[in-house]
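Chemist: One structure is given below, represented as structure tokens, and several questions about it will come after.
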Amino acid sequence: MANHVLLNSAEHRTLRITPTHGVDLGDAVMSCLIVPSEFRRVQNDYPILFRLTPQRDRFQALAMFGFEPGENLFLDGGQWDARYRPLALQIQPFLIGHPATPGGDKQIHLDLDNPRVATGGEGVRVFDDLGRPTPYLETIAEQLGELDAGWQASEGFFAALTRHELIEPLTLEITLDDGTTNRLVGYHGIAEERLQQLDAATLGELHAEGHLMPVFMALASLGNVAALIDRKSRRNTAHG
């Protein structure tokens, strides 16, 4: 159970956050939730796939880092080998909290049990000696705002995909250099053939709603699957 508290300068004046990467910092994950507004940045490095929530009531978008639980092929010791890290990772150990009063601004919460909360004197300060937010915290606040807005917009994006039948089950067959084969099942992708059949009016509607660019970014991102397979083959060879 996460230990969430409201971030405030009185209690967290000396708080420091570890900005580096590693297995012990929670980076050994095969995927990360993303929002459509960041698809353009994500698709440079990662395949973008969709999956239903455990309740199977809505879709979520994922940046894929590996092919099995706990496998992050972009994590190399303390280095993250990619140009962009998804917002949901960048903002850790912070999260958006509900407004203190109805209609008020949403608040920043902190997960005290997150391994990025530094216990010694190392790490990045969140507040300065006067209790003012540091540039680091100001950046986190901007990222939290972008992520929150992205979550709000995701519902409309997936509703449009469903309405126009642009999302379909996707099974990826992964064959490594050593001949071993893995299957990635339970995921969905953009229905490319269906997309090509859409008329101009529908494409115009998707564009006007801001959904067309993320659709094409998600489709283009599947070109990263081959690069991800290469990463896994190289890692298996190195560990072989």
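Going by the structure tokens order, chains are called A, B, ..., each with residues numbered from 1, while ligands are numbered from 1 in the order shown.
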Ile96 (chain A): which residues within 6 Å, counting only C-alpha atoms, same-chain residues fewer than 4 positions away excluded, as a PyMOL selection string?
Modeler: chain A and resi 107-109
Chemist: Would you save the residues of that selection, restricted to C-alpha atoms, as a tab-separated table (two decimals), in the first residue's frame?
Modeler:
```tsv
chain	number	residue	atom	x	y	z
A	107	GLN	CA	-2.59	19.36	-5.03
A	108	ILE	CA	0.77	17.61	-5.22
A	109	HIS	CA	1.03	14.47	-3.15
```
Chemist: Region 121-133 of chain A: which residues within 9 Å, counting only C-alpha atoms, same-chain residues fewer than 6 positions away excluded, as a PyMOL selection string?
Modeler: chain A and resi 8-10+12-20
Chemist: Generate the output file for the selected residues, all heavy atoms, as a short mmCIF file (atom, residue, chain, number, x, y, z; two decimals), in the first residue's frame.
Modeler:
```cif
data_model
loop_
_atom_site.label_atom_id
_atom_site.label_comp_id
_atom_site.auth_asym_id
_atom_site.auth_seq_id
_atom_site.Cartn_x
_atom_site.Cartn_y
_atom_site.Cartn_z
N ASN A 8 4.15 19.52 1.43
CA ASN A 8 4.14 20.89 1.94
C ASN A 8 5.53 21.25 2.46
O ASN A 8 6.28 20.39 2.91
CB ASN A 8 3.08 21.08 3.03
CG ASN A 8 3.37 20.26 4.27
OD1 ASN A 8 4.12 20.69 5.14
ND2 ASN A 8 2.80 19.06 4.37
N SER A 9 5.86 22.52 2.37
CA SER A 9 7.22 22.97 2.70
C SER A 9 7.53 22.87 4.19
O SER A 9 8.70 22.74 4.57
CB SER A 9 7.43 24.40 2.22
OG SER A 9 6.52 25.28 2.86
N ALA A 10 6.51 22.91 5.02
CA ALA A 10 6.76 22.84 6.46
C ALA A 10 7.31 21.46 6.85
O ALA A 10 8.30 21.36 7.59
CB ALA A 10 5.48 23.13 7.22
N HIS A 12 8.29 19.03 4.60
CA HIS A 12 9.21 18.43 3.63
C HIS A 12 10.29 19.42 3.19
O HIS A 12 10.78 19.32 2.06
CB HIS A 12 8.41 17.92 2.42
CG HIS A 12 7.31 16.98 2.80
ND1 HIS A 12 5.98 17.23 2.53
CD2 HIS A 12 7.35 15.80 3.46
CE1 HIS A 12 5.24 16.23 2.99
NE2 HIS A 12 6.04 15.35 3.56
N ARG A 13 10.67 20.33 4.07
CA ARG A 13 11.65 21.38 3.74
C ARG A 13 12.98 20.76 3.29
O ARG A 13 13.63 21.29 2.38
CB ARG A 13 11.87 22.28 4.96
CG ARG A 13 12.87 23.42 4.78
CD ARG A 13 12.29 24.55 3.93
NE ARG A 13 11.05 25.06 4.48
CZ ARG A 13 10.96 26.09 5.31
NH1 ARG A 13 12.05 26.72 5.71
NH2 ARG A 13 9.79 26.52 5.74
N THR A 14 13.37 19.67 3.91
CA THR A 14 14.69 19.08 3.59
C THR A 14 14.58 17.87 2.66
O THR A 14 15.57 17.18 2.43
CB THR A 14 15.39 18.63 4.89
OG1 THR A 14 14.57 17.64 5.55
CG2 THR A 14 15.59 19.81 5.83
N LEU A 15 13.40 17.65 2.11
CA LEU A 15 13.18 16.48 1.25
C LEU A 15 14.09 16.52 0.02
O LEU A 15 14.24 17.54 -0.63
CB LEU A 15 11.72 16.44 0.80
CG LEU A 15 11.32 15.31 -0.15
CD1 LEU A 15 11.34 13.98 0.57
CD2 LEU A 15 9.95 15.58 -0.75
N ARG A 16 14.68 15.37 -0.27
CA ARG A 16 15.49 15.22 -1.48
C ARG A 16 15.01 14.00 -2.25
O ARG A 16 14.56 13.01 -1.65
CB ARG A 16 16.98 15.06 -1.15
CG ARG A 16 17.63 16.34 -0.61
CD ARG A 16 19.08 16.11 -0.25
NE ARG A 16 19.70 17.30 0.29
CZ ARG A 16 20.39 18.18 -0.44
NH1 ARG A 16 20.54 17.97 -1.74
NH2 ARG A 16 20.94 19.24 0.12
N ILE A 17 15.11 14.08 -3.59
CA ILE A 17 14.67 13.01 -4.46
C ILE A 17 15.85 12.50 -5.28
O ILE A 17 16.63 13.28 -5.83
CB ILE A 17 13.56 13.49 -5.41
CG1 ILE A 17 12.38 14.08 -4.62
CG2 ILE A 17 13.09 12.36 -6.34
CD1 ILE A 17 11.71 13.11 -3.67
N THR A 18 15.98 11.19 -5.35
CA THR A 18 17.04 10.56 -6.14
C THR A 18 16.66 10.60 -7.62
O THR A 18 15.66 10.00 -8.01
CB THR A 18 17.26 9.11 -5.69
OG1 THR A 18 17.56 9.09 -4.29
CG2 THR A 18 18.40 8.47 -6.46
N PRO A 19 17.44 11.29 -8.46
CA PRO A 19 17.06 11.46 -9.87
C PRO A 19 17.62 10.40 -10.81
O PRO A 19 17.31 10.41 -12.00
CB PRO A 19 17.66 12.83 -10.20
CG PRO A 19 18.92 12.87 -9.39
CD PRO A 19 18.64 12.09 -8.12
N THR A 20 18.44 9.49 -10.28
CA THR A 20 19.09 8.51 -11.13
C THR A 20 18.18 7.33 -11.43
O THR A 20 17.00 7.32 -11.02
CB THR A 20 20.40 8.03 -10.48
OG1 THR A 20 20.10 7.57 -9.14
CG2 THR A 20 21.42 9.14 -10.40
#
```
Chemist: When distances are computed from only C-alpha atoms, which of A:Leu25, A:Tyr84, A:Pro54, A:Asp111 shows the smallest separation from Leu7 (chain A)?
Modeler: A:Asp111
Chemist: With only C-alpha atoms as the basis for distance, which of A:Leu49, A:Leu73, A:Ala28, A:Ala226 is at the shortest distance from Ile190 (chain A)?
Modeler: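 The closest residue to Ile190 (chain A) is A:Leu49.
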Chemist: What does the distance between CA of Asp230 (chain A) and CA of Gly70 (chain A) come to in Å, to one decimal place?
Modeler: 17.9 Å
Chemist: Quick one: everything within 9 Å of Met30 (chain A), counting only C-alpha atoms, minus sequence neighbours fewer than 6 positions away in the same chain. Send it as a ChimeraX atom specification.
Modeler: /A:63-73
Chemist: Could you tell me which of A:Gly97, A:Gly103, A:Gly22, A:Pro47 comes closest to Gly78 (chain A) if we count only C-alpha atoms?
Modeler: A:Gly22
Chemist: Give the helix (DSSP H, G or I) residues of region 57-220 of chain A, as assigned by DSSP on the backbone, as a ChimeraX atom specification.
Modeler: /A:87-90,135-163,192-197,200-208,212-220
Chemist: Between CA of Leu33 (chain A) and CA of Ala61 (chain A), what distance in Å does the model show, to one decimal?
Modeler: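 That distance, rounded to one decimal, is 5.8 Å.
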Chemist: Can you list every residue in region 19-236 of chain A that DSSP puts in strand (DSSP E), as a PyMOL selection string?
Modeler: chain A and resi 31-34+48-52+59-64+75-76+79-80+94-97+107-111+124-125+167-175+181-190
Chemist: Which region 9-118 of chain A residues have any atom within 8 Å of an atom of region 151-161 of chain A, and for each, what is the nearest pair of atoms with distance in Å to one decimal, counting only C-alpha atoms, rows sorted by chain and number, as a Markdown table?
Modeler:
```
| residue | atom | partner | partner_atom | distance |
| --- | --- | --- | --- | --- |
| A:Val35 | CA | A:Trp151 | CA | 6.2 |
| A:Pro36 | CA | A:Ser154 | CA | 6.5 |
| A:Arg58 | CA | A:Phe158 | CA | 7.9 |
| A:Phe59 | CA | A:Phe158 | CA | 6.7 |
```
Chemist: Pick from A:Arg116, A:Arg85, A:Arg163, A:Arg235: nearest to Glu38 (chain A), with only C-alpha atoms counted?
Modeler: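 Of the candidates, the smallest distance to Glu38 (chain A) is held by A:Arg85.
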Chemist: Give me the residues near His164 (chain A) as a list in words, where near means some atom within 12 Å (using only C-alpha atoms) and where sequence neighbours in that chain fewer than 4 positions away do not count.
Modeler: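 So the residues in contact are Phe157, Phe158, Ala159, Ala160, Glu168, Ile190, Ala191, Glu192, Arg194, Leu195, Gln196, Gln197, Leu198, Asp199, Thr202, Leu203, Glu205, Leu206, His211, Leu212 and Val215 of chain A.
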Chemist: Between CA of Ser221 (chain A) and CA of Tyr46 (chain A), what distance in Å does the model show, to one decimal?
Modeler: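 Computing the Euclidean distance for CA of Ser221 (chain A) and CA of Tyr46 (chain A) yields 6.4 Å.
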Chemist: Show me, as a short mmCIF file (atom, residue, chain, number, x, y, z; two decimals) with N, CA, C and O atoms, in the first residue's frame, the residues that have an atom within 10 Å of Arg40 (chain A) when counting only C-alpha atoms, minus same-chain residues fewer than 6 positions from it.
Modeler:
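Everything below was put into part_0.cif:
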```cif
data_model
loop_
_atom_site.label_atom_id
_atom_site.label_comp_id
_atom_site.auth_asym_id
_atom_site.auth_seq_id
_atom_site.Cartn_x
_atom_site.Cartn_y
_atom_site.Cartn_z
N MET A 213 -3.30 12.84 -34.97
CA MET A 213 -1.85 12.77 -34.77
C MET A 213 -1.46 11.64 -33.82
O MET A 213 -0.57 10.83 -34.15
N PRO A 214 -2.10 11.49 -32.64
CA PRO A 214 -1.75 10.36 -31.78
C PRO A 214 -1.98 9.00 -32.45
O PRO A 214 -1.22 8.06 -32.22
N VAL A 215 -3.02 8.90 -33.28
CA VAL A 215 -3.27 7.64 -34.00
C VAL A 215 -2.08 7.29 -34.88
O VAL A 215 -1.57 6.16 -34.87
N PHE A 216 -1.61 8.26 -35.65
CA PHE A 216 -0.48 8.01 -36.55
C PHE A 216 0.81 7.78 -35.77
O PHE A 216 1.66 6.98 -36.18
N MET A 217 0.98 8.46 -34.65
CA MET A 217 2.17 8.26 -33.83
C MET A 217 2.19 6.84 -33.25
O MET A 217 3.23 6.18 -33.22
N ALA A 218 1.03 6.36 -32.78
CA ALA A 218 0.95 5.00 -32.25
C ALA A 218 1.25 3.98 -33.34
O ALA A 218 1.95 2.98 -33.10
N ALA A 220 3.06 4.48 -36.10
CA ALA A 220 4.48 4.58 -36.45
C ALA A 220 5.37 3.93 -35.40
O ALA A 220 6.43 3.38 -35.72
N SER A 221 4.94 3.97 -34.14
CA SER A 221 5.77 3.45 -33.05
C SER A 221 6.03 1.95 -33.16
O SER A 221 7.00 1.44 -32.59
#
```
Chemist: Which of these, A:Asn3, A:Gln60, A:Gln143, A:Gln55, has the shortest distance to Ile167 (chain A) once you count only C-alpha atoms?
Modeler: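 Of A:Asn3, A:Gln60, A:Gln143, A:Gln55, the one nearest Ile167 (chain A), counting only C-alpha atoms, is A:Gln60.
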